[in-house]
Amino acid sequence: MQDYYKTLGLLSTADDVVIKAAFKALAQKYHPDKYKGDSKHAQKFMADLNTAFAALRTKALRQAYDAKLSAYVAKHPKESAKPTKQDIHKEIVHKIKKNAMDEMGVITIFEELFQCEVKVQTGWMNSYTTVIEKNKVTLDFVGLKTKIINHLEN
């Protein structure tokens, strides 16, 4: 059974808004008319992406998919072994280094890792302000990604 969360590059705990944002971002990137690489790869990926989003786009559909996925995992424990925390960290770092994660995904991960709220100051280049250990910190996008990578690799 295909893991639609993995297709969208998300954890199964992602909010509906994050699912929609991930779909839109990936659809823009891999749309066959815009994708600069192999068009057959883009077409296959878009088909998978559309299927994944169709299954997860509403709470009711998502609950039905989660139930099917849980049943499948229960019947096939060896095939669908849960990744370790270290595996998840490696995958996140890999995606960040490849620039395969959008701004909202990076912000969400940053907020979860550092238990803080990130405020976005929009402009030509966005900046991000947060409070870490009682210190107000302003970062650019590369700074956010660097802090996440350093935290996960240590």
# chains A, B, ... in the order shown; residues from 1 in each chain; ligands from 1
$ residues_around --residues "region 83-90 of chain A" --least-positions-apart "4" --cutoff "12 Å" --atoms "only C-alpha atoms" --output "JSON, numbers by chain"
{"A": [6, 9, 10, 11, 78, 79, 94, 95, 96, 97, 109, 113, 148, 149, 150, 151, 152, 153, 154]}
$ closest_atom_pairs --of "region 47-137 of chain A" --to "region 12-21 of chain A" --cutoff "10 Å" --atoms "only C-alpha atoms" --output "Markdown table"
| residue | atom | partner | partner_atom | distance |
| --- | --- | --- | --- | --- |
| A:Ala52 | CA | A:Ile19 | CA | 9.8 |
| A:Phe53 | CA | A:Lys20 | CA | 7.7 |
| A:Leu56 | CA | A:Ile19 | CA | 7.6 |
| A:Arg57 | CA | A:Lys20 | CA | 7.0 |
| A:Thr58 | CA | A:Asp16 | CA | 7.3 |
| A:Lys59 | CA | A:Asp16 | CA | 7.6 |
| A:Arg62 | CA | A:Asp16 | CA | 9.3 |
| A:Asp66 | CA | A:Ser12 | CA | 8.6 |
| A:Asp102 | CA | A:Ala21 | CA | 8.7 |
| A:Glu103 | CA | A:Ala21 | CA | 9.9 |
| A:Met104 | CA | A:Val18 | CA | 7.6 |
| A:Gly105 | CA | A:Val18 | CA | 7.5 |
| A:Thr108 | CA | A:Val18 | CA | 9.0 |
$ select_by_dssp --residues "region 21-149 of chain A" --states "strand (DSSP E)" --output "ChimeraX atom specification"
/A:119-121,127-132,135-139
$ residues_around --residues "Lys44 (chain A)" --least-positions-apart "4" --cutoff "12 Å" --atoms "only C-alpha atoms" --output "ChimeraX atom specification"
/A:7,27,30-32,38-40,48-51
$ write_last_selection --atoms "C-alpha atoms" --output "short mmCIF file (atom, residue, chain, number, x, y, z; two decimals), in the first residue's frame"
data_model
loop_
_atom_site.label_atom_id
_atom_site.label_comp_id
_atom_site.auth_asym_id
_atom_site.auth_seq_id
_atom_site.Cartn_x
_atom_site.Cartn_y
_atom_site.Cartn_z
CA THR A 7 4.32 11.02 -1.34
CA ALA A 27 2.21 20.38 -7.96
CA TYR A 30 6.44 18.86 -10.78
CA HIS A 31 3.78 20.08 -13.20
CA PRO A 32 4.80 18.56 -16.57
CA ASP A 38 12.28 14.10 -17.40
CA SER A 39 8.65 14.79 -18.38
CA LYS A 40 7.64 11.13 -17.87
CA ASP A 48 0.84 9.90 -7.55
CA LEU A 49 0.53 13.38 -6.06
CA ASN A 50 -3.07 13.78 -7.25
CA THR A 51 -3.98 10.35 -5.87
#
$ closest_residue --among "A:Glu111, A:Glu91, A:Lys36, A:Gly143" --to "Val131 (chain A)" --atoms "only C-alpha atoms"
A:Glu111
$ select_by_dssp --residues "chain A" --states "helix (DSSP H, G or I)" --output "ChimeraX atom specification"
/A:4-8,16-30,39-56,59-75,85-97,103-114,141-153
$ residues_around --residues "Lys136 (chain A)" --least-positions-apart "3" --cutoff "12 Å" --atoms "only C-alpha atoms" --output "list of chain:residue names"
A:Cys116, A:Glu117, A:Val118, A:Lys119, A:Tyr128, A:Thr129, A:Thr130, A:Val131, A:Ile132, A:Glu133, A:Leu139
$ atom_distance --atom1 "CA of Leu69 (chain A)" --atom2 "CA of Gln2 (chain A)"
8.8 Å
$ decode --residues "region 9-127 of chain A" --atoms "C-alpha atoms" --output "mmCIF file, in the first residue's frame"
data_model
loop_
_atom_site.group_PDB
_atom_site.id
_atom_site.type_symbol
_atom_site.label_atom_id
_atom_site.label_comp_id
_atom_site.auth_asym_id
_atom_site.auth_seq_id
_atom_site.Cartn_x
_atom_site.Cartn_y
_atom_site.Cartn_z
ATOM 1 C CA GLY A 9 6.726 14.552 2.067
ATOM 2 C CA LEU A 10 4.789 14.889 5.321
ATOM 3 C CA LEU A 11 4.348 13.172 8.645
ATOM 4 C CA SER A 12 0.967 11.581 9.310
ATOM 5 C CA THR A 13 0.354 14.230 11.977
ATOM 6 C CA ALA A 14 0.348 17.101 9.464
ATOM 7 C CA ASP A 15 -2.567 19.548 9.603
ATOM 8 C CA ASP A 16 -5.023 19.891 6.738
ATOM 9 C CA VAL A 17 -3.538 23.269 5.798
ATOM 10 C CA VAL A 18 -0.055 21.765 5.624
ATOM 11 C CA ILE A 19 -1.308 18.921 3.426
ATOM 12 C CA LYS A 20 -2.893 21.392 1.031
ATOM 13 C CA ALA A 21 0.211 23.611 1.008
ATOM 14 C CA ALA A 22 2.506 20.635 0.369
ATOM 15 C CA PHE A 23 0.289 19.488 -2.491
ATOM 16 C CA LYS A 24 0.244 22.946 -4.086
ATOM 17 C CA ALA A 25 4.008 23.384 -3.738
ATOM 18 C CA LEU A 26 4.803 19.967 -5.200
ATOM 19 C CA ALA A 27 2.215 20.383 -7.961
ATOM 20 C CA GLN A 28 3.846 23.651 -9.016
ATOM 21 C CA LYS A 29 7.297 22.087 -8.932
ATOM 22 C CA TYR A 30 6.439 18.858 -10.779
ATOM 23 C CA HIS A 31 3.782 20.076 -13.197
ATOM 24 C CA PRO A 32 4.799 18.561 -16.573
ATOM 25 C CA ASP A 33 4.631 21.969 -18.267
ATOM 26 C CA LYS A 34 7.039 23.497 -15.723
ATOM 27 C CA TYR A 35 9.308 20.611 -14.690
ATOM 28 C CA LYS A 36 12.760 20.950 -16.248
ATOM 29 C CA GLY A 37 13.714 17.281 -15.935
ATOM 30 C CA ASP A 38 12.282 14.097 -17.396
ATOM 31 C CA SER A 39 8.647 14.787 -18.377
ATOM 32 C CA LYS A 40 7.638 11.126 -17.872
ATOM 33 C CA HIS A 41 8.922 11.299 -14.291
ATOM 34 C CA ALA A 42 6.923 14.506 -13.755
ATOM 35 C CA GLN A 43 3.756 12.929 -15.178
ATOM 36 C CA LYS A 44 4.083 9.840 -12.966
ATOM 37 C CA PHE A 45 4.833 11.953 -9.903
ATOM 38 C CA MET A 46 1.854 14.237 -10.606
ATOM 39 C CA ALA A 47 -0.425 11.195 -10.923
ATOM 40 C CA ASP A 48 0.842 9.899 -7.555
ATOM 41 C CA LEU A 49 0.527 13.382 -6.056
ATOM 42 C CA ASN A 50 -3.071 13.780 -7.246
ATOM 43 C CA THR A 51 -3.980 10.350 -5.868
ATOM 44 C CA ALA A 52 -2.383 11.182 -2.510
ATOM 45 C CA PHE A 53 -4.137 14.530 -2.236
ATOM 46 C CA ALA A 54 -7.478 13.027 -3.260
ATOM 47 C CA ALA A 55 -7.174 10.570 -0.362
ATOM 48 C CA LEU A 56 -6.110 13.173 2.229
ATOM 49 C CA ARG A 57 -7.836 16.420 1.209
ATOM 50 C CA THR A 58 -10.683 16.283 3.757
ATOM 51 C CA LYS A 59 -10.896 15.048 7.334
ATOM 52 C CA ALA A 60 -13.370 12.288 6.412
ATOM 53 C CA LEU A 61 -11.244 11.009 3.519
ATOM 54 C CA ARG A 62 -8.131 11.237 5.650
ATOM 55 C CA GLN A 63 -9.710 9.251 8.495
ATOM 56 C CA ALA A 64 -10.780 6.544 6.043
ATOM 57 C CA TYR A 65 -7.268 6.397 4.559
ATOM 58 C CA ASP A 66 -5.664 6.306 8.033
ATOM 59 C CA ALA A 67 -7.915 3.371 8.973
ATOM 60 C CA LYS A 68 -6.942 1.488 5.792
ATOM 61 C CA LEU A 69 -3.270 2.247 6.388
ATOM 62 C CA SER A 70 -3.470 1.065 10.012
ATOM 63 C CA ALA A 71 -5.166 -2.160 8.931
ATOM 64 C CA TYR A 72 -2.510 -2.731 6.285
ATOM 65 C CA VAL A 73 0.308 -2.101 8.774
ATOM 66 C CA ALA A 74 -1.289 -4.548 11.217
ATOM 67 C CA LYS A 75 -1.424 -7.259 8.542
ATOM 68 C CA HIS A 76 2.032 -6.559 7.093
ATOM 69 C CA PRO A 77 4.268 -5.543 10.020
ATOM 70 C CA LYS A 78 7.557 -6.511 8.336
ATOM 71 C CA GLU A 79 6.870 -4.571 5.140
ATOM 72 C CA SER A 80 5.818 -1.425 6.932
ATOM 73 C CA ALA A 81 8.183 -1.158 9.869
ATOM 74 C CA LYS A 82 8.026 2.281 11.410
ATOM 75 C CA PRO A 83 11.092 4.417 10.811
ATOM 76 C CA THR A 84 13.206 5.230 13.834
ATOM 77 C CA LYS A 85 13.520 8.771 15.150
ATOM 78 C CA GLN A 86 17.042 8.858 13.696
ATOM 79 C CA ASP A 87 15.685 7.803 10.268
ATOM 80 C CA ILE A 88 13.104 10.585 10.376
ATOM 81 C CA HIS A 89 15.760 13.129 11.352
ATOM 82 C CA LYS A 90 18.021 11.996 8.504
ATOM 83 C CA GLU A 91 15.148 12.288 6.030
ATOM 84 C CA ILE A 92 14.254 15.801 7.227
ATOM 85 C CA VAL A 93 17.896 16.921 7.013
ATOM 86 C CA HIS A 94 18.170 15.401 3.535
ATOM 87 C CA LYS A 95 15.040 17.232 2.347
ATOM 88 C CA ILE A 96 16.216 20.531 3.799
ATOM 89 C CA LYS A 97 19.643 20.199 2.211
ATOM 90 C CA LYS A 98 18.064 19.386 -1.170
ATOM 91 C CA ASN A 99 15.680 22.359 -0.830
ATOM 92 C CA ALA A 100 12.820 19.881 -1.153
ATOM 93 C CA MET A 101 10.844 21.450 1.674
ATOM 94 C CA ASP A 102 8.797 24.617 1.360
ATOM 95 C CA GLU A 103 8.888 27.596 3.706
ATOM 96 C CA MET A 104 5.859 26.540 5.758
ATOM 97 C CA GLY A 105 7.261 23.054 6.252
ATOM 98 C CA VAL A 106 10.562 24.459 7.507
ATOM 99 C CA ILE A 107 8.787 26.876 9.855
ATOM 100 C CA THR A 108 6.565 24.104 11.225
ATOM 101 C CA ILE A 109 9.542 21.845 11.918
ATOM 102 C CA PHE A 110 11.451 24.738 13.529
ATOM 103 C CA GLU A 111 8.505 25.529 15.825
ATOM 104 C CA GLU A 112 8.138 21.888 16.855
ATOM 105 C CA LEU A 113 11.849 21.350 17.482
ATOM 106 C CA PHE A 114 12.425 24.520 19.471
ATOM 107 C CA GLN A 115 8.947 24.751 21.061
ATOM 108 C CA CYS A 116 8.463 28.325 19.927
ATOM 109 C CA GLU A 117 6.377 30.450 17.598
ATOM 110 C CA VAL A 118 7.987 31.884 14.476
ATOM 111 C CA LYS A 119 6.687 35.200 13.165
ATOM 112 C CA VAL A 120 7.270 35.936 9.492
ATOM 113 C CA GLN A 121 8.207 39.453 8.427
ATOM 114 C CA THR A 122 7.325 39.512 4.757
ATOM 115 C CA GLY A 123 9.259 41.499 2.241
ATOM 116 C CA TRP A 124 11.488 41.019 -0.762
ATOM 117 C CA MET A 125 13.213 38.409 1.370
ATOM 118 C CA ASN A 126 11.273 37.183 4.375
ATOM 119 C CA SER A 127 12.835 37.239 7.812
#
